[in-house]
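Enquirer: If you scroll down you'll find the structure; I have some questions about it.
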Amino acid sequence: MSVPAIRVTNLTKDFRLGVRGIKLRAVEDLSLEVADNQVCGLLGPNGSGKSTTMKVILGLLEPTRGHCEIFGLPSASVAARRLVGFLPESPYFYRFLTGRELVEFYAGICGVPNNGRWRRVDEVLELVGLTAAANRRVGTYSKGMLQRVGLAQAVVHDPRLVILDEPTAGVDPVGSLAIADLILELKRRGKTVLLCSHLLAQVEGVCDYIVILNQGKLVAEGRVRDLLRREGLTNLAVENFSPAARPDIEAVLARHGARLAGVDDARVSLDRLFVEKISPPPADPPAPTEGGAP
Amino acid sequence: MNQAIGHVWRIARLTFLEAVRQRFFNFLILLAVALVGSSYFFRQFNFGASELRFIADFGLGGIFLFGSILSVVAAAQLFFSEIENRTALTILAKPVRRWSFIAGKFLGVALLMFVFIALLTTLLGLCLWWRERQLIVQWGDQFPLSEHVRYWALAFDGLLQWLKFDVLVAVTILIASFANTNLYTVIVSFFVQLICQLQYIANDRWSGIKAAWARPLVWLLGKVFPNFQLFSIGDLAIFPQKVPIPHTALLAAAGYAAIYIVVFLALAVFSFSQREI
């Protein structure tokens, strides 16, 4: 069995507040595993301990009790952090750098060799769709562009694990879909992704596995399709359905010991509809000119 | 180890670049340049001192004033911007050790201070040289040797000032490593600078103190806070008749500054490693 990408064991994290050191427990006895090449959603309301858990996984916070490993290495070790790419929530990068300079800086920090570093920078900028704005200062970027340059710096060193904290916060639906596609592309390339988001529809669309926290405790975890499945119900998609056919269908189902529980129109998600409506129509072929000259 | 040093250098370069691209620091440096450059035009207010001495004192005063402001404000601002903008989170989530981060920040501001000192010392040297040429032409052989400027001593003084400001930068980073606000860091750092400027008084008084409880306290204060007066010996050598300076003075001052910088930065690393970002 392969080593899990993330293994958190009995993690408890307390914060001391004020001069009297009043204890606030952010995470309590949390254990979880994220398998390699999985997209895992970490969900929970505000204050549920998601960010604290993420920071412990990144080695930014010391656990009060328990421990955390990344691909079998202690998460606080430098060796473990070489395997991780991180996009923080609402990233504010160095505004005085251009997008290209910024990604190059992080590439250097992560040990991407000098030879071929700029090529790698251009590759990831293309991956996130920022090639055209690569030489603009980060200070002039929109929210969506900031998220995309954040993604570029997170993956520039080709990490095995990518941790994304609210990657679509403040991003329009088109940008959100692009980021969702990027997450799926990372999975296709064999990466593990830990995604923290409040957009549940998006989590459902991209994650294989979800972990739900509440008040610092694990309240549910499992494969998305298992957790969302309604026991004993199956959907059938029918083209050109006629209400007149319903009694016949019910009779067929009854012969097999089944029952038609309901009939409803199939729907697309609001995100998809929005993107379809605002996408530019395909360009018309140029009209022929007199004499055939272009 | 090589990679950690590489991180220090990259963070230092970024810190320096951030300072250079910020309007506030550029404005401060321009103001300092204007002040030092204007020393030539203020020479009639010389209060009885010779013109060249007045230009030198005025210029060195400007370097001290703006250098102090720049070292404290730049170190505090460039450190806190990383915390407030959460860029520290992104850097420290990478394979970067906290000591590399602190050392990089220090080195970046030290580099800024070096450029600042080099610029202003060169400008002051040019002002002195220009006026000295005019006076030599005007007075010929009657221009006293004791009034000739020793430019090597001016450069030597520049280096000493840079070392002093580096100690101040290290103090500011130490305070920033545990402080919650930029303003607190700036105010406390200026207080510490004041203590360091006046620390020689504690050293002078120590031998004369009778009270048993006060002696170790004053001794401790004398050791905890560096004596900034030790870095002021350079300006004494700019004109020939003043006190000669031993050849080893620069080395001694560099060693003295290095000890304080290492200790302050080590404390900053310890404090920063406890900090939850």
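Ligands are numbered from 1 in the order shown, residues from 1 within each chain, and chains are lettered A, B, ... in the order they appear in the structure tokens.
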I need the residues of stretch 19-216 of chain B that end up classed as alpha helix (DSSP H) by DSSP on the backbone, written out as a short mmCIF file (atom, residue, chain, number, x, y, z; two decimals) with N, CA and C atoms, in the first residue's frame.
Expert:
```
data_model
loop_
_atom_site.label_atom_id
_atom_site.label_comp_id
_atom_site.auth_asym_id
_atom_site.auth_seq_id
_atom_site.Cartn_x
_atom_site.Cartn_y
_atom_site.Cartn_z
N ALA B 19 12.12 47.86 -1.22
CA ALA B 19 12.43 49.19 -0.69
C ALA B 19 12.68 50.17 -1.83
N VAL B 20 13.44 49.71 -2.82
CA VAL B 20 13.80 50.59 -3.93
C VAL B 20 12.56 51.01 -4.73
N ARG B 23 7.72 54.32 -3.00
CA ARG B 23 7.86 55.78 -3.12
C ARG B 23 8.34 56.41 -1.81
N PHE B 24 7.86 55.87 -0.68
CA PHE B 24 8.18 56.49 0.60
C PHE B 24 9.69 56.50 0.85
N PHE B 25 10.32 55.36 0.60
CA PHE B 25 11.77 55.28 0.86
C PHE B 25 12.54 56.15 -0.14
N ASN B 26 12.07 56.16 -1.37
CA ASN B 26 12.74 57.00 -2.37
C ASN B 26 12.64 58.48 -1.97
N PHE B 27 11.47 58.85 -1.46
CA PHE B 27 11.26 60.24 -1.05
C PHE B 27 12.19 60.58 0.12
N LEU B 28 12.29 59.63 1.07
CA LEU B 28 13.16 59.86 2.24
C LEU B 28 14.61 60.03 1.80
N ILE B 29 15.03 59.20 0.87
CA ILE B 29 16.42 59.27 0.40
C ILE B 29 16.64 60.59 -0.36
N LEU B 30 15.64 60.97 -1.16
CA LEU B 30 15.77 62.24 -1.90
C LEU B 30 15.85 63.43 -0.93
N LEU B 31 15.07 63.35 0.13
CA LEU B 31 15.09 64.41 1.15
C LEU B 31 16.47 64.50 1.79
N ALA B 32 17.02 63.33 2.09
CA ALA B 32 18.35 63.29 2.70
C ALA B 32 19.39 63.86 1.74
N VAL B 33 19.27 63.48 0.46
CA VAL B 33 20.21 63.98 -0.56
C VAL B 33 20.10 65.51 -0.63
N ALA B 34 18.86 66.01 -0.60
CA ALA B 34 18.65 67.46 -0.67
C ALA B 34 19.27 68.15 0.54
N LEU B 35 19.10 67.55 1.71
CA LEU B 35 19.64 68.17 2.93
C LEU B 35 21.16 68.21 2.90
N VAL B 36 21.77 67.07 2.57
CA VAL B 36 23.24 67.02 2.55
C VAL B 36 23.76 67.94 1.45
N GLY B 37 23.09 67.91 0.29
CA GLY B 37 23.52 68.77 -0.82
C GLY B 37 23.42 70.25 -0.47
N SER B 38 22.42 70.59 0.35
CA SER B 38 22.20 72.00 0.68
C SER B 38 23.19 72.50 1.74
N GLU B 51 34.31 76.92 7.48
CA GLU B 51 33.27 76.56 6.52
C GLU B 51 33.23 75.06 6.25
N LEU B 52 34.43 74.48 6.00
CA LEU B 52 34.47 73.06 5.65
C LEU B 52 34.00 72.20 6.81
N ARG B 53 34.40 72.60 8.02
CA ARG B 53 33.94 71.84 9.19
C ARG B 53 32.42 71.92 9.32
N PHE B 54 31.90 73.10 9.04
CA PHE B 54 30.44 73.23 9.14
C PHE B 54 29.74 72.34 8.11
N ILE B 55 30.27 72.36 6.88
CA ILE B 55 29.65 71.53 5.83
C ILE B 55 29.69 70.04 6.26
N ALA B 56 30.86 69.63 6.79
CA ALA B 56 31.02 68.23 7.22
C ALA B 56 30.03 67.90 8.34
N ASP B 57 29.97 68.78 9.35
CA ASP B 57 29.07 68.50 10.49
C ASP B 57 27.61 68.48 10.06
N PHE B 58 27.25 69.43 9.20
CA PHE B 58 25.87 69.51 8.72
C PHE B 58 25.51 68.24 7.94
N GLY B 59 26.41 67.85 7.06
CA GLY B 59 26.17 66.65 6.23
C GLY B 59 26.10 65.40 7.08
N LEU B 60 27.03 65.26 8.02
CA LEU B 60 27.03 64.06 8.87
C LEU B 60 25.78 64.01 9.75
N GLY B 61 25.35 65.21 10.17
CA GLY B 61 24.10 65.27 10.96
C GLY B 61 22.91 64.79 10.14
N GLY B 62 22.89 65.21 8.86
CA GLY B 62 21.81 64.78 7.97
C GLY B 62 21.83 63.27 7.77
N ILE B 63 23.04 62.73 7.60
CA ILE B 63 23.17 61.28 7.41
C ILE B 63 22.67 60.55 8.65
N PHE B 64 23.04 61.07 9.81
CA PHE B 64 22.62 60.44 11.07
C PHE B 64 21.09 60.47 11.20
N LEU B 65 20.50 61.66 10.95
CA LEU B 65 19.06 61.82 11.14
C LEU B 65 18.28 60.92 10.18
N PHE B 66 18.57 61.05 8.89
CA PHE B 66 17.80 60.28 7.90
C PHE B 66 18.17 58.80 7.92
N GLY B 67 19.42 58.53 8.26
CA GLY B 67 19.84 57.12 8.36
C GLY B 67 19.10 56.41 9.48
N SER B 68 18.94 57.12 10.62
CA SER B 68 18.22 56.51 11.76
C SER B 68 16.76 56.24 11.36
N ILE B 69 16.14 57.25 10.73
CA ILE B 69 14.73 57.08 10.34
C ILE B 69 14.61 55.93 9.34
N LEU B 70 15.49 55.96 8.34
CA LEU B 70 15.39 54.94 7.29
C LEU B 70 15.62 53.54 7.85
N SER B 71 16.63 53.37 8.72
CA SER B 71 16.89 52.00 9.21
C SER B 71 15.71 51.47 10.01
N VAL B 72 15.15 52.29 10.89
CA VAL B 72 14.05 51.81 11.74
C VAL B 72 12.78 51.60 10.90
N VAL B 73 12.43 52.63 10.12
CA VAL B 73 11.16 52.53 9.38
C VAL B 73 11.24 51.45 8.30
N ALA B 74 12.36 51.37 7.60
CA ALA B 74 12.48 50.36 6.53
C ALA B 74 12.44 48.95 7.14
N ALA B 75 13.20 48.73 8.21
CA ALA B 75 13.23 47.38 8.80
C ALA B 75 11.83 46.99 9.30
N ALA B 76 11.17 47.93 9.99
CA ALA B 76 9.84 47.62 10.53
C ALA B 76 8.83 47.41 9.41
N GLN B 77 8.84 48.32 8.45
CA GLN B 77 7.85 48.25 7.36
C GLN B 77 8.05 47.02 6.49
N LEU B 78 9.30 46.74 6.13
CA LEU B 78 9.56 45.61 5.22
C LEU B 78 9.33 44.27 5.92
N PHE B 79 9.41 44.26 7.25
CA PHE B 79 9.12 43.03 7.99
C PHE B 79 7.60 42.87 8.15
N PHE B 80 6.95 43.95 8.57
CA PHE B 80 5.50 43.84 8.84
C PHE B 80 4.67 43.68 7.58
N SER B 81 5.16 44.21 6.47
CA SER B 81 4.39 44.04 5.23
C SER B 81 4.26 42.55 4.91
N GLU B 82 5.27 41.78 5.28
CA GLU B 82 5.23 40.33 5.03
C GLU B 82 4.16 39.66 5.90
N ILE B 83 4.02 40.16 7.13
CA ILE B 83 3.05 39.55 8.05
C ILE B 83 1.64 40.00 7.66
N GLU B 84 1.49 41.33 7.47
CA GLU B 84 0.15 41.88 7.21
C GLU B 84 -0.40 41.42 5.85
N THR B 87 2.34 37.46 2.97
CA THR B 87 3.33 36.89 2.05
C THR B 87 4.31 36.00 2.83
N ALA B 88 4.46 36.28 4.14
CA ALA B 88 5.32 35.43 4.97
C ALA B 88 4.79 34.00 5.00
N LEU B 89 3.46 33.90 4.98
CA LEU B 89 2.81 32.59 5.01
C LEU B 89 3.21 31.79 3.76
N THR B 90 3.20 32.46 2.64
CA THR B 90 3.54 31.78 1.38
C THR B 90 5.01 31.38 1.37
N ILE B 91 5.86 32.27 1.85
CA ILE B 91 7.30 31.96 1.83
C ILE B 91 7.61 30.83 2.82
N LEU B 92 7.05 30.92 4.02
CA LEU B 92 7.41 29.93 5.06
C LEU B 92 6.74 28.58 4.82
N ARG B 98 13.04 29.54 9.21
CA ARG B 98 12.73 30.88 9.72
C ARG B 98 13.98 31.74 9.86
N TRP B 99 15.12 31.10 10.16
CA TRP B 99 16.34 31.91 10.29
C TRP B 99 16.74 32.50 8.94
N SER B 100 16.45 31.77 7.87
CA SER B 100 16.77 32.29 6.53
C SER B 100 15.92 33.53 6.24
N PHE B 101 14.67 33.46 6.69
CA PHE B 101 13.75 34.59 6.47
C PHE B 101 14.26 35.83 7.21
N ILE B 102 14.60 35.65 8.50
CA ILE B 102 15.08 36.78 9.31
C ILE B 102 16.40 37.32 8.73
N ALA B 103 17.31 36.40 8.42
CA ALA B 103 18.61 36.84 7.89
C ALA B 103 18.44 37.55 6.55
N GLY B 104 17.51 37.06 5.73
CA GLY B 104 17.27 37.68 4.43
C GLY B 104 16.72 39.09 4.58
N LYS B 105 15.80 39.24 5.51
CA LYS B 105 15.22 40.57 5.76
C LYS B 105 16.32 41.53 6.23
N PHE B 106 17.15 41.05 7.17
CA PHE B 106 18.22 41.91 7.68
C PHE B 106 19.17 42.32 6.56
N LEU B 107 19.58 41.34 5.78
CA LEU B 107 20.56 41.61 4.73
C LEU B 107 19.99 42.58 3.69
N GLY B 108 18.70 42.44 3.39
CA GLY B 108 18.07 43.33 2.41
C GLY B 108 18.09 44.77 2.89
N VAL B 109 17.75 44.97 4.18
CA VAL B 109 17.74 46.35 4.71
C VAL B 109 19.17 46.87 4.85
N ALA B 110 20.09 45.96 5.23
CA ALA B 110 21.51 46.37 5.35
C ALA B 110 22.03 46.84 3.98
N LEU B 111 21.60 46.16 2.94
CA LEU B 111 21.99 46.53 1.58
C LEU B 111 21.44 47.93 1.23
N LEU B 112 20.20 48.15 1.63
CA LEU B 112 19.57 49.45 1.40
C LEU B 112 20.37 50.54 2.12
N MET B 113 20.75 50.25 3.38
CA MET B 113 21.50 51.22 4.16
C MET B 113 22.87 51.49 3.54
N PHE B 114 23.45 50.43 2.96
CA PHE B 114 24.77 50.60 2.34
C PHE B 114 24.65 51.58 1.16
N VAL B 115 23.62 51.38 0.35
CA VAL B 115 23.42 52.26 -0.81
C VAL B 115 23.17 53.70 -0.33
N PHE B 116 22.36 53.81 0.72
CA PHE B 116 22.03 55.13 1.28
C PHE B 116 23.31 55.84 1.76
N ILE B 117 24.10 55.12 2.54
CA ILE B 117 25.33 55.72 3.09
C ILE B 117 26.31 56.04 1.97
N ALA B 118 26.46 55.13 1.02
CA ALA B 118 27.41 55.36 -0.08
C ALA B 118 27.00 56.61 -0.86
N LEU B 119 25.71 56.73 -1.12
CA LEU B 119 25.20 57.86 -1.89
C LEU B 119 25.45 59.18 -1.16
N LEU B 120 25.08 59.21 0.13
CA LEU B 120 25.18 60.47 0.87
C LEU B 120 26.62 60.82 1.21
N THR B 121 27.44 59.81 1.50
CA THR B 121 28.84 60.10 1.82
C THR B 121 29.54 60.64 0.57
N THR B 122 29.23 60.05 -0.58
CA THR B 122 29.83 60.54 -1.84
C THR B 122 29.39 61.98 -2.11
N LEU B 123 28.11 62.24 -1.88
CA LEU B 123 27.59 63.59 -2.10
C LEU B 123 28.25 64.59 -1.16
N LEU B 124 28.38 64.19 0.10
CA LEU B 124 29.04 65.08 1.07
C LEU B 124 30.50 65.30 0.67
N GLY B 125 31.16 64.26 0.24
CA GLY B 125 32.55 64.37 -0.21
C GLY B 125 32.66 65.35 -1.37
N LEU B 126 31.69 65.27 -2.30
CA LEU B 126 31.72 66.19 -3.46
C LEU B 126 31.52 67.64 -3.02
N CYS B 127 30.59 67.84 -2.07
CA CYS B 127 30.34 69.20 -1.56
C CYS B 127 31.62 69.76 -0.92
N LEU B 128 32.26 68.92 -0.10
CA LEU B 128 33.49 69.35 0.59
C LEU B 128 34.60 69.65 -0.43
N TRP B 129 34.73 68.74 -1.40
CA TRP B 129 35.80 68.89 -2.40
C TRP B 129 35.60 70.17 -3.21
N TRP B 130 34.38 70.43 -3.59
CA TRP B 130 34.06 71.61 -4.41
C TRP B 130 34.43 72.90 -3.64
N ARG B 131 33.98 72.97 -2.38
CA ARG B 131 34.25 74.17 -1.59
C ARG B 131 35.74 74.28 -1.25
N GLU B 132 36.38 73.15 -1.02
CA GLU B 132 37.81 73.15 -0.70
C GLU B 132 38.61 73.70 -1.89
N ARG B 133 38.22 73.25 -3.12
CA ARG B 133 38.91 73.76 -4.32
C ARG B 133 38.76 75.28 -4.39
N GLN B 134 37.55 75.79 -4.14
CA GLN B 134 37.30 77.23 -4.21
C GLN B 134 38.15 77.99 -3.19
N LEU B 135 38.23 77.41 -1.97
CA LEU B 135 39.00 78.08 -0.91
C LEU B 135 40.49 78.07 -1.22
N ILE B 136 40.96 76.96 -1.81
CA ILE B 136 42.39 76.88 -2.16
C ILE B 136 42.72 77.91 -3.23
N VAL B 137 41.83 78.03 -4.21
CA VAL B 137 42.04 79.03 -5.27
C VAL B 137 42.04 80.44 -4.66
N GLN B 138 41.12 80.66 -3.72
CA GLN B 138 40.96 81.98 -3.11
C GLN B 138 42.15 82.34 -2.20
N TRP B 139 42.61 81.37 -1.39
CA TRP B 139 43.62 81.65 -0.36
C TRP B 139 45.04 81.19 -0.76
N TYR B 151 39.69 62.68 2.79
CA TYR B 151 38.53 61.99 2.21
C TYR B 151 38.47 60.51 2.59
N TRP B 152 39.65 59.93 2.83
CA TRP B 152 39.64 58.53 3.26
C TRP B 152 38.93 58.40 4.60
N ALA B 153 39.10 59.43 5.47
CA ALA B 153 38.45 59.39 6.78
C ALA B 153 36.93 59.53 6.66
N LEU B 154 36.54 60.27 5.62
CA LEU B 154 35.10 60.41 5.38
C LEU B 154 34.50 59.06 4.97
N ALA B 155 35.23 58.35 4.10
CA ALA B 155 34.77 57.02 3.69
C ALA B 155 34.76 56.06 4.89
N PHE B 156 35.79 56.18 5.71
CA PHE B 156 35.90 55.37 6.92
C PHE B 156 34.71 55.65 7.85
N ASP B 157 34.37 56.91 7.98
CA ASP B 157 33.23 57.28 8.82
C ASP B 157 31.93 56.71 8.23
N GLY B 158 31.83 56.74 6.91
CA GLY B 158 30.65 56.17 6.25
C GLY B 158 30.48 54.70 6.61
N LEU B 159 31.59 53.97 6.57
CA LEU B 159 31.52 52.54 6.91
C LEU B 159 31.07 52.32 8.36
N LEU B 160 31.62 53.17 9.26
CA LEU B 160 31.24 53.05 10.68
C LEU B 160 29.74 53.35 10.87
N GLN B 161 29.28 54.37 10.15
CA GLN B 161 27.85 54.71 10.27
C GLN B 161 26.99 53.56 9.76
N TRP B 162 27.45 52.93 8.68
CA TRP B 162 26.71 51.80 8.11
C TRP B 162 26.64 50.66 9.14
N LEU B 163 27.75 50.41 9.81
CA LEU B 163 27.76 49.34 10.84
C LEU B 163 26.77 49.68 11.96
N LYS B 164 26.78 50.95 12.36
CA LYS B 164 25.87 51.38 13.43
C LYS B 164 24.41 51.19 13.01
N PHE B 165 24.10 51.59 11.79
CA PHE B 165 22.71 51.43 11.32
C PHE B 165 22.34 49.96 11.17
N ASP B 166 23.32 49.13 10.85
CA ASP B 166 23.03 47.69 10.76
C ASP B 166 22.64 47.14 12.13
N VAL B 167 23.32 47.62 13.17
CA VAL B 167 22.95 47.19 14.54
C VAL B 167 21.52 47.64 14.83
N LEU B 168 21.22 48.88 14.42
CA LEU B 168 19.87 49.40 14.66
C LEU B 168 18.82 48.59 13.88
N VAL B 169 19.16 48.17 12.68
CA VAL B 169 18.24 47.33 11.88
C VAL B 169 18.00 46.00 12.61
N ALA B 170 19.08 45.43 13.15
CA ALA B 170 18.94 44.15 13.87
C ALA B 170 18.05 44.32 15.10
N VAL B 171 18.22 45.44 15.81
CA VAL B 171 17.37 45.73 16.98
C VAL B 171 15.91 45.82 16.54
N THR B 172 15.67 46.53 15.45
CA THR B 172 14.29 46.72 14.96
C THR B 172 13.67 45.38 14.57
N ILE B 173 14.45 44.53 13.92
CA ILE B 173 13.91 43.23 13.51
C ILE B 173 13.62 42.38 14.75
N LEU B 174 14.47 42.49 15.76
CA LEU B 174 14.21 41.75 17.01
C LEU B 174 12.86 42.21 17.60
N ILE B 175 12.66 43.50 17.66
CA ILE B 175 11.40 44.01 18.24
C ILE B 175 10.21 43.60 17.36
N ALA B 176 10.39 43.69 16.05
CA ALA B 176 9.29 43.32 15.12
C ALA B 176 8.95 41.84 15.22
N SER B 177 9.92 41.02 15.62
CA SER B 177 9.68 39.57 15.65
C SER B 177 8.63 39.18 16.69
N PHE B 178 8.43 40.04 17.70
CA PHE B 178 7.39 39.71 18.69
C PHE B 178 6.28 40.77 18.77
N ASN B 182 3.28 47.68 13.59
CA ASN B 182 4.40 48.41 13.01
C ASN B 182 4.76 49.62 13.88
N LEU B 183 3.70 50.34 14.33
CA LEU B 183 3.90 51.57 15.10
C LEU B 183 4.66 51.28 16.39
N TYR B 184 4.26 50.21 17.08
CA TYR B 184 4.94 49.83 18.33
C TYR B 184 6.42 49.57 18.05
N THR B 185 6.68 48.85 16.97
CA THR B 185 8.07 48.51 16.62
C THR B 185 8.89 49.77 16.38
N VAL B 186 8.30 50.71 15.63
CA VAL B 186 9.03 51.94 15.30
C VAL B 186 9.32 52.75 16.56
N ILE B 187 8.30 52.90 17.42
CA ILE B 187 8.48 53.74 18.62
C ILE B 187 9.52 53.10 19.55
N VAL B 188 9.38 51.82 19.81
CA VAL B 188 10.32 51.15 20.73
C VAL B 188 11.74 51.18 20.14
N SER B 189 11.85 50.99 18.84
CA SER B 189 13.18 50.99 18.22
C SER B 189 13.85 52.36 18.37
N PHE B 190 13.07 53.44 18.21
CA PHE B 190 13.66 54.77 18.40
C PHE B 190 14.09 54.99 19.85
N PHE B 191 13.32 54.46 20.79
CA PHE B 191 13.73 54.55 22.20
C PHE B 191 15.04 53.81 22.44
N VAL B 192 15.11 52.62 21.85
CA VAL B 192 16.34 51.83 22.03
C VAL B 192 17.52 52.58 21.41
N GLN B 193 17.27 53.22 20.26
CA GLN B 193 18.36 53.96 19.64
C GLN B 193 18.83 55.10 20.54
N LEU B 194 17.86 55.76 21.17
CA LEU B 194 18.20 56.86 22.08
C LEU B 194 19.07 56.33 23.23
N ILE B 195 18.67 55.19 23.77
CA ILE B 195 19.44 54.58 24.87
C ILE B 195 20.85 54.25 24.38
N CYS B 196 20.94 53.70 23.18
CA CYS B 196 22.25 53.33 22.65
C CYS B 196 23.13 54.56 22.41
N GLN B 197 22.51 55.66 21.99
CA GLN B 197 23.28 56.89 21.79
C GLN B 197 23.82 57.42 23.11
N LEU B 198 23.02 57.25 24.18
CA LEU B 198 23.41 57.81 25.48
C LEU B 198 24.02 56.77 26.40
N GLN B 199 24.23 55.57 25.88
CA GLN B 199 24.70 54.47 26.72
C GLN B 199 26.06 54.77 27.34
N TYR B 200 26.86 55.58 26.64
CA TYR B 200 28.21 55.88 27.15
C TYR B 200 28.15 56.55 28.52
N ILE B 201 27.03 57.24 28.79
CA ILE B 201 26.89 57.91 30.10
C ILE B 201 26.87 56.85 31.19
N ALA B 202 26.11 55.76 30.94
CA ALA B 202 26.05 54.67 31.92
C ALA B 202 27.43 54.08 32.12
N ASN B 203 28.17 53.91 31.03
CA ASN B 203 29.53 53.36 31.13
C ASN B 203 30.44 54.27 31.95
N ASP B 204 30.31 55.59 31.69
CA ASP B 204 31.16 56.56 32.40
C ASP B 204 30.84 56.59 33.88
N ARG B 205 29.52 56.47 34.20
CA ARG B 205 29.10 56.60 35.60
C ARG B 205 29.32 55.32 36.41
N TRP B 206 29.47 54.21 35.71
CA TRP B 206 29.47 52.91 36.38
C TRP B 206 30.52 52.84 37.49
N ALA B 214 22.90 49.02 42.35
CA ALA B 214 22.87 49.78 41.10
C ALA B 214 24.03 49.41 40.18
N ARG B 215 25.15 49.00 40.76
CA ARG B 215 26.34 48.73 39.93
C ARG B 215 26.09 47.61 38.91
N PRO B 216 25.60 46.43 39.38
CA PRO B 216 25.37 45.38 38.37
C PRO B 216 24.30 45.77 37.35
#
```
Enquirer: Find the residues near A:Val275: any atom within 12 Å, counting only C-alpha atoms, skip ones fewer than 5 places away on the same chain, and give them as a PyMOL selection string.
Expert: chain A and resi 172-178+268-270+280-281
Enquirer: Could you dump the residues just selected with N, CA and C atoms as an mmCIF file, in the first residue's frame?
Expert:
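Result written to result17.cif:
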```
data_model
loop_
_atom_site.group_PDB
_atom_site.id
_atom_site.type_symbol
_atom_site.label_atom_id
_atom_site.label_comp_id
_atom_site.auth_asym_id
_atom_site.auth_seq_id
_atom_site.Cartn_x
_atom_site.Cartn_y
_atom_site.Cartn_z
ATOM 1 N N ASP A 172 -15.029 35.215 -10.266
ATOM 2 C CA ASP A 172 -16.314 35.054 -10.960
ATOM 3 C C ASP A 172 -16.475 33.602 -11.444
ATOM 4 N N PRO A 173 -17.694 33.221 -11.842
ATOM 5 C CA PRO A 173 -17.925 31.808 -12.215
ATOM 6 C C PRO A 173 -17.009 31.290 -13.318
ATOM 7 N N VAL A 174 -16.658 32.176 -14.261
ATOM 8 C CA VAL A 174 -15.770 31.721 -15.348
ATOM 9 C C VAL A 174 -14.400 31.358 -14.764
ATOM 10 N N GLY A 175 -13.903 32.245 -13.895
ATOM 11 C CA GLY A 175 -12.609 31.992 -13.250
ATOM 12 C C GLY A 175 -12.674 30.757 -12.368
ATOM 13 N N SER A 176 -13.810 30.587 -11.666
ATOM 14 C CA SER A 176 -13.981 29.423 -10.781
ATOM 15 C C SER A 176 -13.916 28.135 -11.584
ATOM 16 N N LEU A 177 -14.593 28.154 -12.737
ATOM 17 C CA LEU A 177 -14.581 26.937 -13.562
ATOM 18 C C LEU A 177 -13.180 26.649 -14.083
ATOM 19 N N ALA A 178 -12.461 27.715 -14.423
ATOM 20 C CA ALA A 178 -11.083 27.530 -14.912
ATOM 21 C C ALA A 178 -10.227 26.912 -13.818
ATOM 22 N N VAL A 268 -28.958 21.719 -15.700
ATOM 23 C CA VAL A 268 -27.514 22.013 -15.672
ATOM 24 C C VAL A 268 -27.293 22.908 -14.453
ATOM 25 N N SER A 269 -26.022 22.977 -14.005
ATOM 26 C CA SER A 269 -25.767 23.844 -12.850
ATOM 27 C C SER A 269 -25.835 25.308 -13.293
ATOM 28 N N LEU A 270 -26.113 26.178 -12.347
ATOM 29 C CA LEU A 270 -26.210 27.605 -12.643
ATOM 30 C C LEU A 270 -24.866 28.127 -13.174
ATOM 31 N N PRO A 280 -18.393 33.999 -25.713
ATOM 32 C CA PRO A 280 -18.634 34.590 -27.036
ATOM 33 C C PRO A 280 -19.040 33.503 -28.021
ATOM 34 N N PRO A 281 -19.982 33.815 -28.932
ATOM 35 C CA PRO A 281 -20.374 32.809 -29.921
ATOM 36 C C PRO A 281 -19.209 32.509 -30.856
#
```
Enquirer: Could you tell me how far atom CA of A:Thr53 sits from atom CA of A:Val211, in Å to one decimal place?
Expert: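 So the answer is 11.6 Å.
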Enquirer: At a cut-off of 8 Å, can you tabulate as a tab-separated table every residue of chain A near chain B together with its closest atom pair and the distance in Å to one decimal, using only C-alpha atoms and ordering rows by chain then number?
Expert:
```
residue	atom	partner	partner_atom	distance
A:Leu58	CA	B:Ala93	CA	5.8
A:Gly59	CA	B:Ala93	CA	7.0
A:Leu60	CA	B:Ala93	CA	6.6
A:Leu61	CA	B:Glu276	CA	6.4
A:Val78	CA	B:Pro95	CA	4.8
A:Ala79	CA	B:Pro95	CA	7.1
A:Ala80	CA	B:Pro95	CA	7.9
A:Arg81	CA	B:Pro95	CA	5.1
A:Arg82	CA	B:Pro95	CA	5.5
A:Val84	CA	B:Lys94	CA	7.4
A:Gly85	CA	B:Lys94	CA	7.4
A:Phe86	CA	B:Ala93	CA	6.8
A:Leu87	CA	B:Thr90	CA	7.3
A:Pro88	CA	B:Thr90	CA	6.9
A:Pro91	CA	B:Arg86	CA	7.1
A:Tyr92	CA	B:Asn85	CA	5.5
A:Phe93	CA	B:Thr87	CA	6.0
A:Tyr94	CA	B:Thr87	CA	7.4
A:Phe96	CA	B:Glu18	CA	6.6
A:Phe105	CA	B:Arg10	CA	7.5
A:Tyr106	CA	B:Ile91	CA	7.8
A:Gly108	CA	B:Arg10	CA	7.8
A:Ile109	CA	B:His7	CA	5.9
A:Cys110	CA	B:Pro95	CA	6.3
A:Gly111	CA	B:Gln3	CA	7.6
```
Enquirer: Residues at most 9 Å from A:Phe15, counting only C-alpha atoms, excluding those fewer than 4 positions away in the same chain, as a PyMOL selection string?
Expert: chain A and resi 21-26+64
Enquirer: Env of A:Val162: 12 Å cut, atoms = only C-alpha atoms, seq-sep filter 6 positions within chain, self excluded. Answer as a count of residues only.
Expert: 43
Enquirer: Would you mind listing what lies within 12 Å of A:Thr131 as a PyMOL selection string, with only C-alpha atoms counted and same-chain residues fewer than 2 positions away left out?
Expert: chain A and resi 98-100+103+121-129+133-136+145+148-149+152
